>>> print(open('target_35.pdb').read())   # PDB, C-alpha atoms
ATOM      1  CA  MET A  84    -107.504 -40.764 -64.329  1.00  0.00           C
ATOM      2  CA  GLU A  85    -109.617 -38.208 -62.467  1.00  0.00           C
ATOM      3  CA  ILE A  86    -112.451 -36.308 -64.082  1.00  0.00           C
ATOM      4  CA  GLU A  87    -111.422 -32.697 -64.685  1.00  0.00           C
ATOM      5  CA  ILE A  88    -111.811 -30.091 -67.401  1.00  0.00           C
ATOM      6  CA  ASN A  89    -111.271 -31.401 -70.946  1.00  0.00           C
ATOM      7  CA  LYS A  90    -111.683 -35.069 -70.009  1.00  0.00           C
ATOM      8  CA  VAL A  91    -114.204 -37.202 -71.882  1.00  0.00           C
ATOM      9  CA  VAL A  92    -116.409 -39.104 -69.445  1.00  0.00           C
ATOM     10  CA  THR A  93    -118.482 -42.135 -70.418  1.00  0.00           C
ATOM     11  CA  PHE A  94    -121.127 -43.243 -67.953  1.00  0.00           C
ATOM     12  CA  HIS A  95    -124.381 -45.084 -67.428  1.00  0.00           C
ATOM     13  CA  TYR A  96    -127.192 -43.381 -65.561  1.00  0.00           C
ATOM     14  CA  ALA A  97    -130.716 -43.832 -64.366  1.00  0.00           C
ATOM     15  CA  LEU A  98    -132.717 -40.628 -63.933  1.00  0.00           C
ATOM     16  CA  THR A  99    -135.952 -40.068 -62.057  1.00  0.00           C
ATOM     17  CA  ALA A 100    -137.751 -36.804 -61.394  1.00  0.00           C
ATOM     18  CA  ASP A 101    -140.515 -36.434 -58.831  1.00  0.00           C
ATOM     19  CA  GLY A 102    -141.495 -40.072 -59.294  1.00  0.00           C
ATOM     20  CA  GLU A 103    -143.168 -39.106 -62.599  1.00  0.00           C
ATOM     21  CA  TYR A 104    -140.364 -39.250 -65.126  1.00  0.00           C
ATOM     22  CA  SER A 105    -137.629 -41.779 -65.647  1.00  0.00           C
ATOM     23  CA  GLU A 106    -135.042 -42.761 -68.217  1.00  0.00           C
ATOM     24  CA  SER A 107    -131.958 -44.923 -68.199  1.00  0.00           C
ATOM     25  CA  SER A 108    -128.965 -45.587 -70.416  1.00  0.00           C
ATOM     26  CA  ARG A 109    -128.392 -49.022 -68.885  1.00  0.00           C
ATOM     27  CA  ASP A 110    -130.337 -50.913 -71.555  1.00  0.00           C
ATOM     28  CA  GLY A 111    -128.489 -49.165 -74.372  1.00  0.00           C
ATOM     29  CA  ASP A 112    -125.405 -47.134 -75.091  1.00  0.00           C
ATOM     30  CA  PRO A 113    -123.784 -45.163 -72.273  1.00  0.00           C
ATOM     31  CA  ALA A 114    -123.689 -41.365 -72.327  1.00  0.00           C
ATOM     32  CA  SER A 115    -120.485 -39.382 -72.943  1.00  0.00           C
ATOM     33  CA  TYR A 116    -119.675 -35.720 -72.416  1.00  0.00           C
ATOM     34  CA  LEU A 117    -116.720 -33.326 -72.389  1.00  0.00           C
ATOM     35  CA  HIS A 118    -116.195 -32.234 -68.791  1.00  0.00           C
ATOM     36  CA  GLY A 119    -116.188 -28.511 -68.113  1.00  0.00           C
ATOM     37  CA  HIS A 120    -118.156 -27.460 -71.180  1.00  0.00           C
ATOM     38  CA  GLY A 121    -121.772 -27.630 -69.974  1.00  0.00           C
ATOM     39  CA  GLY A 122    -122.733 -30.792 -71.838  1.00  0.00           C
ATOM     40  CA  ILE A 123    -124.744 -32.118 -68.878  1.00  0.00           C
ATOM     41  CA  VAL A 124    -126.720 -30.393 -66.126  1.00  0.00           C
ATOM     42  CA  ARG A 125    -124.538 -28.266 -63.863  1.00  0.00           C
ATOM     43  CA  GLY A 126    -125.238 -30.196 -60.654  1.00  0.00           C
ATOM     44  CA  LEU A 127    -124.329 -33.558 -62.185  1.00  0.00           C
ATOM     45  CA  GLU A 128    -121.193 -32.174 -63.822  1.00  0.00           C
ATOM     46  CA  ARG A 129    -120.077 -30.695 -60.494  1.00  0.00           C
ATOM     47  CA  ALA A 130    -120.612 -34.083 -58.774  1.00  0.00           C
ATOM     48  CA  MET A 131    -118.531 -35.848 -61.458  1.00  0.00           C
ATOM     49  CA  ARG A 132    -115.420 -33.728 -60.841  1.00  0.00           C
ATOM     50  CA  GLY A 133    -112.626 -35.694 -59.179  1.00  0.00           C
ATOM     51  CA  ARG A 134    -114.245 -39.109 -59.687  1.00  0.00           C
ATOM     52  CA  ARG A 135    -112.736 -41.999 -61.666  1.00  0.00           C
ATOM     53  CA  ALA A 136    -113.784 -44.884 -63.910  1.00  0.00           C
ATOM     54  CA  GLY A 137    -115.420 -47.546 -61.748  1.00  0.00           C
ATOM     55  CA  ASP A 138    -116.993 -45.042 -59.338  1.00  0.00           C
ATOM     56  CA  SER A 139    -120.744 -45.246 -58.730  1.00  0.00           C
ATOM     57  CA  PHE A 140    -122.911 -42.757 -56.848  1.00  0.00           C
ATOM     58  CA  THR A 141    -126.412 -41.404 -56.422  1.00  0.00           C
ATOM     59  CA  LEU A 142    -127.221 -37.723 -56.437  1.00  0.00           C
ATOM     60  CA  GLU A 143    -130.179 -35.381 -56.158  1.00  0.00           C
ATOM     61  CA  VAL A 144    -129.828 -32.235 -58.258  1.00  0.00           C
ATOM     62  CA  ALA A 145    -131.969 -29.251 -57.252  1.00  0.00           C
ATOM     63  CA  PRO A 146    -133.850 -27.383 -60.013  1.00  0.00           C
ATOM     64  CA  GLU A 147    -131.473 -24.398 -59.903  1.00  0.00           C
ATOM     65  CA  ASP A 148    -128.559 -26.759 -60.783  1.00  0.00           C
ATOM     66  CA  ALA A 149    -130.560 -28.616 -63.448  1.00  0.00           C
ATOM     67  CA  PHE A 150    -133.083 -26.907 -65.751  1.00  0.00           C
ATOM     68  CA  GLY A 151    -133.946 -23.999 -63.467  1.00  0.00           C
ATOM     69  CA  GLU A 152    -137.138 -23.022 -61.729  1.00  0.00           C
ATOM     70  CA  ARG A 153    -140.362 -22.672 -63.674  1.00  0.00           C
ATOM     71  CA  ASN A 154    -140.849 -19.114 -64.911  1.00  0.00           C
ATOM     72  CA  PRO A 155    -144.495 -17.988 -65.197  1.00  0.00           C
ATOM     73  CA  ASP A 156    -143.408 -15.405 -67.805  1.00  0.00           C
ATOM     74  CA  PHE A 157    -142.553 -18.307 -70.146  1.00  0.00           C
ATOM     75  CA  VAL A 158    -146.268 -19.115 -70.520  1.00  0.00           C
ATOM     76  CA  GLN A 159    -147.531 -16.960 -73.367  1.00  0.00           C
ATOM     77  CA  ARG A 160    -150.616 -16.580 -75.536  1.00  0.00           C
ATOM     78  CA  VAL A 161    -149.656 -17.035 -79.190  1.00  0.00           C
ATOM     79  CA  PRO A 162    -151.804 -16.627 -82.316  1.00  0.00           C
ATOM     80  CA  ILE A 163    -152.265 -20.095 -83.827  1.00  0.00           C
ATOM     81  CA  LYS A 164    -151.269 -18.722 -87.243  1.00  0.00           C
ATOM     82  CA  GLN A 165    -147.743 -18.061 -85.845  1.00  0.00           C
ATOM     83  CA  LEU A 166    -147.165 -21.733 -85.052  1.00  0.00           C
ATOM     84  CA  ILE A 167    -144.809 -23.671 -87.311  1.00  0.00           C
ATOM     85  CA  ALA A 168    -146.565 -26.626 -88.967  1.00  0.00           C
ATOM     86  CA  ALA A 169    -149.508 -26.534 -86.582  1.00  0.00           C
ATOM     87  CA  PRO A 170    -151.558 -29.728 -86.705  1.00  0.00           C
ATOM     88  CA  ALA A 171    -155.055 -29.474 -88.164  1.00  0.00           C
ATOM     89  CA  LYS A 172    -156.542 -30.404 -84.774  1.00  0.00           C
ATOM     90  CA  LEU A 173    -154.457 -28.724 -82.077  1.00  0.00           C
ATOM     91  CA  VAL A 174    -155.106 -30.001 -78.544  1.00  0.00           C
ATOM     92  CA  ALA A 175    -153.659 -29.273 -75.120  1.00  0.00           C
ATOM     93  CA  GLY A 176    -150.537 -31.284 -74.369  1.00  0.00           C
ATOM     94  CA  GLN A 177    -149.124 -31.186 -77.894  1.00  0.00           C
ATOM     95  CA  THR A 178    -145.638 -29.859 -78.593  1.00  0.00           C
ATOM     96  CA  VAL A 179    -145.706 -26.729 -80.756  1.00  0.00           C
ATOM     97  CA  ALA A 180    -143.031 -24.429 -82.185  1.00  0.00           C
ATOM     98  CA  ILE A 181    -142.705 -20.793 -83.218  1.00  0.00           C
ATOM     99  CA  ASN A 182    -139.899 -18.755 -84.753  1.00  0.00           C
ATOM    100  CA  THR A 183    -138.387 -16.076 -82.511  1.00  0.00           C
ATOM    101  CA  LYS A 184    -135.533 -13.607 -82.911  1.00  0.00           C
ATOM    102  CA  GLU A 185    -133.323 -16.178 -81.122  1.00  0.00           C
ATOM    103  CA  GLY A 186    -134.457 -19.055 -83.376  1.00  0.00           C
ATOM    104  CA  ARG A 187    -137.086 -21.759 -83.041  1.00  0.00           C
ATOM    105  CA  ALA A 188    -138.751 -22.147 -79.634  1.00  0.00           C
ATOM    106  CA  GLN A 189    -140.689 -25.249 -78.634  1.00  0.00           C
ATOM    107  CA  GLY A 190    -143.343 -25.413 -75.987  1.00  0.00           C
ATOM    108  CA  ILE A 191    -146.360 -27.338 -74.797  1.00  0.00           C
ATOM    109  CA  ALA A 192    -149.868 -26.195 -75.724  1.00  0.00           C
ATOM    110  CA  LEU A 193    -151.779 -25.653 -72.469  1.00  0.00           C
ATOM    111  CA  LYS A 194    -155.075 -24.176 -73.621  1.00  0.00           C
ATOM    112  CA  VAL A 195    -156.303 -24.033 -77.204  1.00  0.00           C
ATOM    113  CA  GLY A 196    -158.760 -21.416 -78.376  1.00  0.00           C
ATOM    114  CA  ARG A 197    -160.187 -20.656 -81.766  1.00  0.00           C
ATOM    115  CA  PHE A 198    -157.445 -18.185 -82.748  1.00  0.00           C
ATOM    116  CA  ASN A 199    -154.892 -18.382 -79.932  1.00  0.00           C
ATOM    117  CA  VAL A 200    -153.073 -20.996 -77.891  1.00  0.00           C
ATOM    118  CA  ASP A 201    -151.484 -20.634 -74.447  1.00  0.00           C
ATOM    119  CA  VAL A 202    -147.986 -22.157 -74.711  1.00  0.00           C
ATOM    120  CA  ASP A 203    -145.598 -23.104 -71.900  1.00  0.00           C
ATOM    121  CA  PHE A 204    -142.039 -22.452 -73.104  1.00  0.00           C
ATOM    122  CA  ASN A 205    -140.413 -23.634 -69.848  1.00  0.00           C
ATOM    123  CA  HIS A 206    -138.166 -26.678 -70.210  1.00  0.00           C
ATOM    124  CA  PRO A 207    -140.303 -29.755 -69.398  1.00  0.00           C
ATOM    125  CA  MET A 208    -137.973 -30.569 -66.466  1.00  0.00           C
ATOM    126  CA  ALA A 209    -137.907 -26.996 -65.077  1.00  0.00           C
ATOM    127  CA  GLY A 210    -138.782 -26.831 -61.401  1.00  0.00           C
ATOM    128  CA  ARG A 211    -138.028 -30.503 -60.812  1.00  0.00           C
ATOM    129  CA  SER A 212    -135.363 -32.111 -58.674  1.00  0.00           C
ATOM    130  CA  LEU A 213    -133.493 -34.763 -60.640  1.00  0.00           C
ATOM    131  CA  ASN A 214    -132.313 -37.997 -59.017  1.00  0.00           C
ATOM    132  CA  PHE A 215    -129.373 -39.715 -60.697  1.00  0.00           C
ATOM    133  CA  ASP A 216    -127.862 -43.157 -60.178  1.00  0.00           C
ATOM    134  CA  VAL A 217    -124.501 -43.007 -61.996  1.00  0.00           C
ATOM    135  CA  GLU A 218    -121.793 -45.525 -62.905  1.00  0.00           C
ATOM    136  CA  ILE A 219    -118.650 -44.040 -64.482  1.00  0.00           C
ATOM    137  CA  LEU A 220    -117.291 -46.381 -67.149  1.00  0.00           C
ATOM    138  CA  ASP A 221    -114.361 -44.490 -68.666  1.00  0.00           C
ATOM    139  CA  VAL A 222    -112.387 -41.261 -68.405  1.00  0.00           C
ATOM    140  CA  ARG A 223    -109.978 -40.210 -71.150  1.00  0.00           C
ATOM    141  CA  ASP A 224    -108.184 -37.140 -72.452  1.00  0.00           C
ATOM    142  CA  ALA A 225    -110.186 -35.210 -75.043  1.00  0.00           C
ATOM    143  CA  SER A 226    -108.749 -34.683 -78.507  1.00  0.00           C
ATOM    144  CA  GLN A 227    -107.864 -31.160 -79.600  1.00  0.00           C
ATOM    145  CA  GLU A 228    -110.806 -31.268 -82.033  1.00  0.00           C
ATOM    146  CA  GLU A 229    -113.231 -32.209 -79.257  1.00  0.00           C
ATOM    147  CA  ILE A 230    -111.941 -29.346 -77.120  1.00  0.00           C
ATOM    148  CA  ALA A 231    -112.212 -26.924 -80.056  1.00  0.00           C
ATOM    149  CA  HIS A 232    -115.772 -28.100 -80.828  1.00  0.00           C
ATOM    150  CA  ARG A 233    -116.672 -28.234 -77.108  1.00  0.00           C
ATOM    151  CA  HIS A 234    -118.258 -31.703 -77.332  1.00  0.00           C
ATOM    152  CA  VAL A 235    -117.383 -35.386 -77.644  1.00  0.00           C
ATOM    153  CA  HIS A 236    -116.908 -36.958 -81.042  1.00  0.00           C
ATOM    154  CA  GLY A 237    -117.406 -40.639 -81.814  1.00  0.00           C
ATOM    155  CA  PRO A 238    -115.757 -43.610 -80.110  1.00  0.00           C
ATOM    156  CA  ASP A 239    -112.110 -42.993 -79.230  1.00  0.00           C
ATOM    157  CA  GLY A 240    -112.415 -39.363 -80.360  1.00  0.00           C
ATOM    158  CA  GLN A 241    -113.187 -40.127 -84.011  1.00  0.00           C
ATOM    159  CA  PRO A 242    -114.884 -37.284 -85.894  1.00  0.00           C
ATOM    160  CA  HIS A 243    -118.685 -37.425 -85.782  1.00  0.00           C
ATOM    161  CA  SER A 244    -119.234 -36.482 -89.415  1.00  0.00           C
ATOM    162  CA  SER A 245    -117.379 -36.761 -92.705  1.00  0.00           C
ATOM    163  CA  ALA A 246    -117.165 -32.954 -92.867  1.00  0.00           C
ATOM    164  CA  GLU A 247    -114.731 -33.004 -89.943  1.00  0.00           C
ATOM    165  CA  GLN A 248    -112.381 -35.684 -91.295  1.00  0.00           C
TER     166      GLN A 248
END
>>> encode(input="target_35.pdb", output="structure tokens")
Amino acid sequence: MEIEINKVVTFHYALTADGEYSESSRDGDPASYLHGHGGIVRGLERAMRGRRAGDSFTLEVAPEDAFGERNPDFVQRVPIKQLIAAPAKLVAGQTVAINTKEGRAQGIALKVGRFNVDVDFNHPMAGRSLNFDVEILDVRDASQEEIAHRHVHGPDGQPHSSAEQ
């Protein structure tokens, strides 16, 4: 079965980015997603289309097809009192959060002052090319519930919570 819209794809991957970051599913459970619904980065999803279980490939995904380019406007000075659950001793490099009109936003503290903190709200992988080594394990039809919810449920399409049973 070929990967196309509304197919559930299960795969193992190894990811590296700029030689600094890496993660892999190979020592644990494989990843699964519903094809065509934006559950994985755009460049990887595009490369999956038309492939089958048993296929393996490597791929470099440019920032614009992954988490986007870094946006300097996403670095903002925020009053420390606006942080949610700010630690008593805030230091550069810590993850912080604030409430916005669109909901909670997380960022990385870059520079901490007495009353303000400069926070980078860019995605941590923004501006990076992502290198994937992929092995497709399974491709199946999605259930109607998965299509309606726009994501994969448990093994063999089982609901992922008792509220959906």
>>> atom_distance(input="target_35.pdb", atom1="atom CA of Arg129 of chain A", atom2="atom CA of Asn154 of chain A")
24.2 Å
>>> closest_residue(input="target_35.pdb", among="A:Val217, A:Leu173, A:Ala231, A:Ile181", to="Phe198 of chain A", atoms="all atoms listed in the file")
A:Leu173
>>> atom_distance(input="target_35.pdb", atom1="atom CA of Arg153 of chain A", atom2="atom CA of Ala130 of chain A")
23.3 Å
>>> residues_around(input="target_35.pdb", residues="Val195 of chain A", least_positions_apart="5", cutoff="9 Å", atoms="only C-alpha atoms", output="PyMOL selection string")
chain A and resi 163+173-175+200-202
>>> residues_around(input="target_35.pdb", residues="Asn205 of chain A", least_positions_apart="5", cutoff="12 Å", atoms="only C-alpha atoms", output="list in words")
Phe150, Gly151, Glu152, Arg153, Asn154, Pro155, Asp156, Phe157, Val158, Gln159, Thr178, Ala188, Gln189, Gly190, Ile191, Ala192, Leu193, Gly210 and Arg211 of chain A
>>> resolve_selection(input="target_35.pdb", expression="the PyMOL selection byres ((chain A and resi 139-145) around 8)", output="ChimeraX atom specification")
/A:126-127,130,137-138,146-149,211-219
>>> resolve_selection(input="target_35.pdb", expression="the PyMOL selection byres ((chain A and resi 230) around 12)", output="list of chain:residue names")
A:Ile88, A:Asn89, A:Lys90, A:Val91, A:Tyr116, A:Leu117, A:His118, A:Gly119, A:His120, A:Asp224, A:Ala225, A:Ser226, A:Gln227, A:Glu228, A:Glu229, A:Ala231, A:His232, A:Arg233, A:His234, A:Val235, A:His236, A:Gly240
>>> atom_distance(input="target_35.pdb", atom1="atom CA of Phe204 of chain A", atom2="atom CA of Arg187 of chain A")
11.1 Å
>>> closest_residue(input="target_35.pdb", among="A:Ala169, A:Ala209, A:Met131, A:Val124", to="Phe94 of chain A", atoms="only C-alpha atoms")
A:Met131
>>> resolve_selection(input="target_35.pdb", expression="the PyMOL selection byres ((chain A and resi 182) around 12)", output="list in words")
Val161, Lys164, Gln165, Leu166, Ile167, Ala168, Val179, Ala180, Ile181, Thr183, Lys184, Glu185, Gly186, Arg187, Ala188, Gln189 and Gly190 of chain A
>>> closest_residue(input="target_35.pdb", among="A:His206, A:Arg109, A:Lys172, A:Arg134", to="Glu85 of chain A", atoms="all atoms listed in the file")
A:Arg134
>>> closest_residue(input="target_35.pdb", among="A:Ala100, A:Arg160, A:Pro170, A:Pro113", to="Asn199 of chain A", atoms="all atoms listed in the file")
A:Arg160
>>> closest_residue(input="target_35.pdb", among="A:Gly176, A:Arg223, A:Ile86, A:Arg132", to="Lys194 of chain A", atoms="all atoms listed in the file")
A:Gly176
>>> closest_residue(input="target_35.pdb", among="A:Ile123, A:Leu98, A:Ala114, A:Met208", to="Gly237 of chain A", atoms="all atoms listed in the file")
A:Ala114
>>> build_atoms(input="target_35.pdb", residues="segment 151-175 of chain A", atoms="N, CA and C atoms", output="mmCIF file, keeping the file's coordinate frame")
data_model
loop_
_atom_site.group_PDB
_atom_site.id
_atom_site.type_symbol
_atom_site.label_atom_id
_atom_site.label_comp_id
_atom_site.auth_asym_id
_atom_site.auth_seq_id
_atom_site.Cartn_x
_atom_site.Cartn_y
_atom_site.Cartn_z
ATOM 1 N N GLY A 151 -133.433 -25.241 -64.015
ATOM 2 C CA GLY A 151 -133.946 -23.999 -63.467
ATOM 3 C C GLY A 151 -135.354 -24.137 -62.914
ATOM 4 N N GLU A 152 -135.770 -23.081 -62.259
ATOM 5 C CA GLU A 152 -137.138 -23.022 -61.729
ATOM 6 C C GLU A 152 -138.096 -22.695 -62.867
ATOM 7 N N ARG A 153 -139.341 -23.042 -62.686
ATOM 8 C CA ARG A 153 -140.362 -22.672 -63.674
ATOM 9 C C ARG A 153 -140.545 -21.152 -63.639
ATOM 10 N N ASN A 154 -140.664 -20.560 -64.800
ATOM 11 C CA ASN A 154 -140.849 -19.114 -64.911
ATOM 12 C C ASN A 154 -142.245 -18.850 -65.482
ATOM 13 N N PRO A 155 -143.134 -18.236 -64.692
ATOM 14 C CA PRO A 155 -144.495 -17.988 -65.197
ATOM 15 C C PRO A 155 -144.521 -17.089 -66.426
ATOM 16 N N ASP A 156 -143.473 -16.273 -66.626
ATOM 17 C CA ASP A 156 -143.408 -15.405 -67.805
ATOM 18 C C ASP A 156 -143.163 -16.198 -69.095
ATOM 19 N N PHE A 157 -142.785 -17.474 -68.968
ATOM 20 C CA PHE A 157 -142.553 -18.307 -70.146
ATOM 21 C C PHE A 157 -143.836 -18.960 -70.655
ATOM 22 N N VAL A 158 -144.964 -18.670 -70.022
ATOM 23 C CA VAL A 158 -146.268 -19.115 -70.520
ATOM 24 C C VAL A 158 -146.875 -17.921 -71.244
ATOM 25 N N GLN A 159 -147.093 -18.087 -72.543
ATOM 26 C CA GLN A 159 -147.531 -16.960 -73.367
ATOM 27 C C GLN A 159 -148.692 -17.358 -74.271
ATOM 28 N N ARG A 160 -149.531 -16.391 -74.568
ATOM 29 C CA ARG A 160 -150.616 -16.580 -75.536
ATOM 30 C C ARG A 160 -150.058 -16.235 -76.913
ATOM 31 N N VAL A 161 -150.224 -17.168 -77.849
ATOM 32 C CA VAL A 161 -149.656 -17.035 -79.190
ATOM 33 C C VAL A 161 -150.770 -17.235 -80.219
ATOM 34 N N PRO A 162 -150.834 -16.377 -81.243
ATOM 35 C CA PRO A 162 -151.804 -16.627 -82.316
ATOM 36 C C PRO A 162 -151.480 -17.964 -83.005
ATOM 37 N N ILE A 163 -152.474 -18.780 -83.215
ATOM 38 C CA ILE A 163 -152.265 -20.095 -83.827
ATOM 39 C C ILE A 163 -151.576 -19.964 -85.184
ATOM 40 N N LYS A 164 -151.871 -18.902 -85.917
ATOM 41 C CA LYS A 164 -151.269 -18.722 -87.243
ATOM 42 C C LYS A 164 -149.743 -18.529 -87.177
ATOM 43 N N GLN A 165 -149.193 -18.221 -85.985
ATOM 44 C CA GLN A 165 -147.743 -18.061 -85.845
ATOM 45 C C GLN A 165 -147.026 -19.383 -85.552
ATOM 46 N N LEU A 166 -147.788 -20.437 -85.317
ATOM 47 C CA LEU A 166 -147.165 -21.733 -85.052
ATOM 48 C C LEU A 166 -146.555 -22.297 -86.334
ATOM 49 N N ILE A 167 -145.460 -23.015 -86.181
ATOM 50 C CA ILE A 167 -144.809 -23.671 -87.311
ATOM 51 C C ILE A 167 -145.456 -25.050 -87.472
ATOM 52 N N ALA A 168 -145.969 -25.319 -88.645
ATOM 53 C CA ALA A 168 -146.565 -26.626 -88.967
ATOM 54 C C ALA A 168 -147.567 -27.072 -87.910
ATOM 55 N N ALA A 169 -148.488 -26.186 -87.583
ATOM 56 C CA ALA A 169 -149.508 -26.534 -86.582
ATOM 57 C C ALA A 169 -150.385 -27.661 -87.110
ATOM 58 N N PRO A 170 -150.671 -28.648 -86.256
ATOM 59 C CA PRO A 170 -151.558 -29.728 -86.705
ATOM 60 C C PRO A 170 -152.962 -29.194 -86.977
ATOM 61 N N ALA A 171 -153.694 -29.888 -87.826
ATOM 62 C CA ALA A 171 -155.055 -29.474 -88.164
ATOM 63 C C ALA A 171 -155.931 -29.425 -86.920
ATOM 64 N N LYS A 172 -155.766 -30.366 -86.021
ATOM 65 C CA LYS A 172 -156.542 -30.404 -84.774
ATOM 66 C C LYS A 172 -155.559 -30.249 -83.610
ATOM 67 N N LEU A 173 -155.365 -29.024 -83.183
ATOM 68 C CA LEU A 173 -154.457 -28.724 -82.077
ATOM 69 C C LEU A 173 -155.174 -28.961 -80.756
ATOM 70 N N VAL A 174 -154.524 -29.724 -79.858
ATOM 71 C CA VAL A 174 -155.106 -30.001 -78.544
ATOM 72 C C VAL A 174 -154.064 -29.746 -77.461
ATOM 73 N N ALA A 175 -154.552 -29.490 -76.266
ATOM 74 C CA ALA A 175 -153.659 -29.273 -75.120
ATOM 75 C C ALA A 175 -152.766 -30.488 -74.938
#
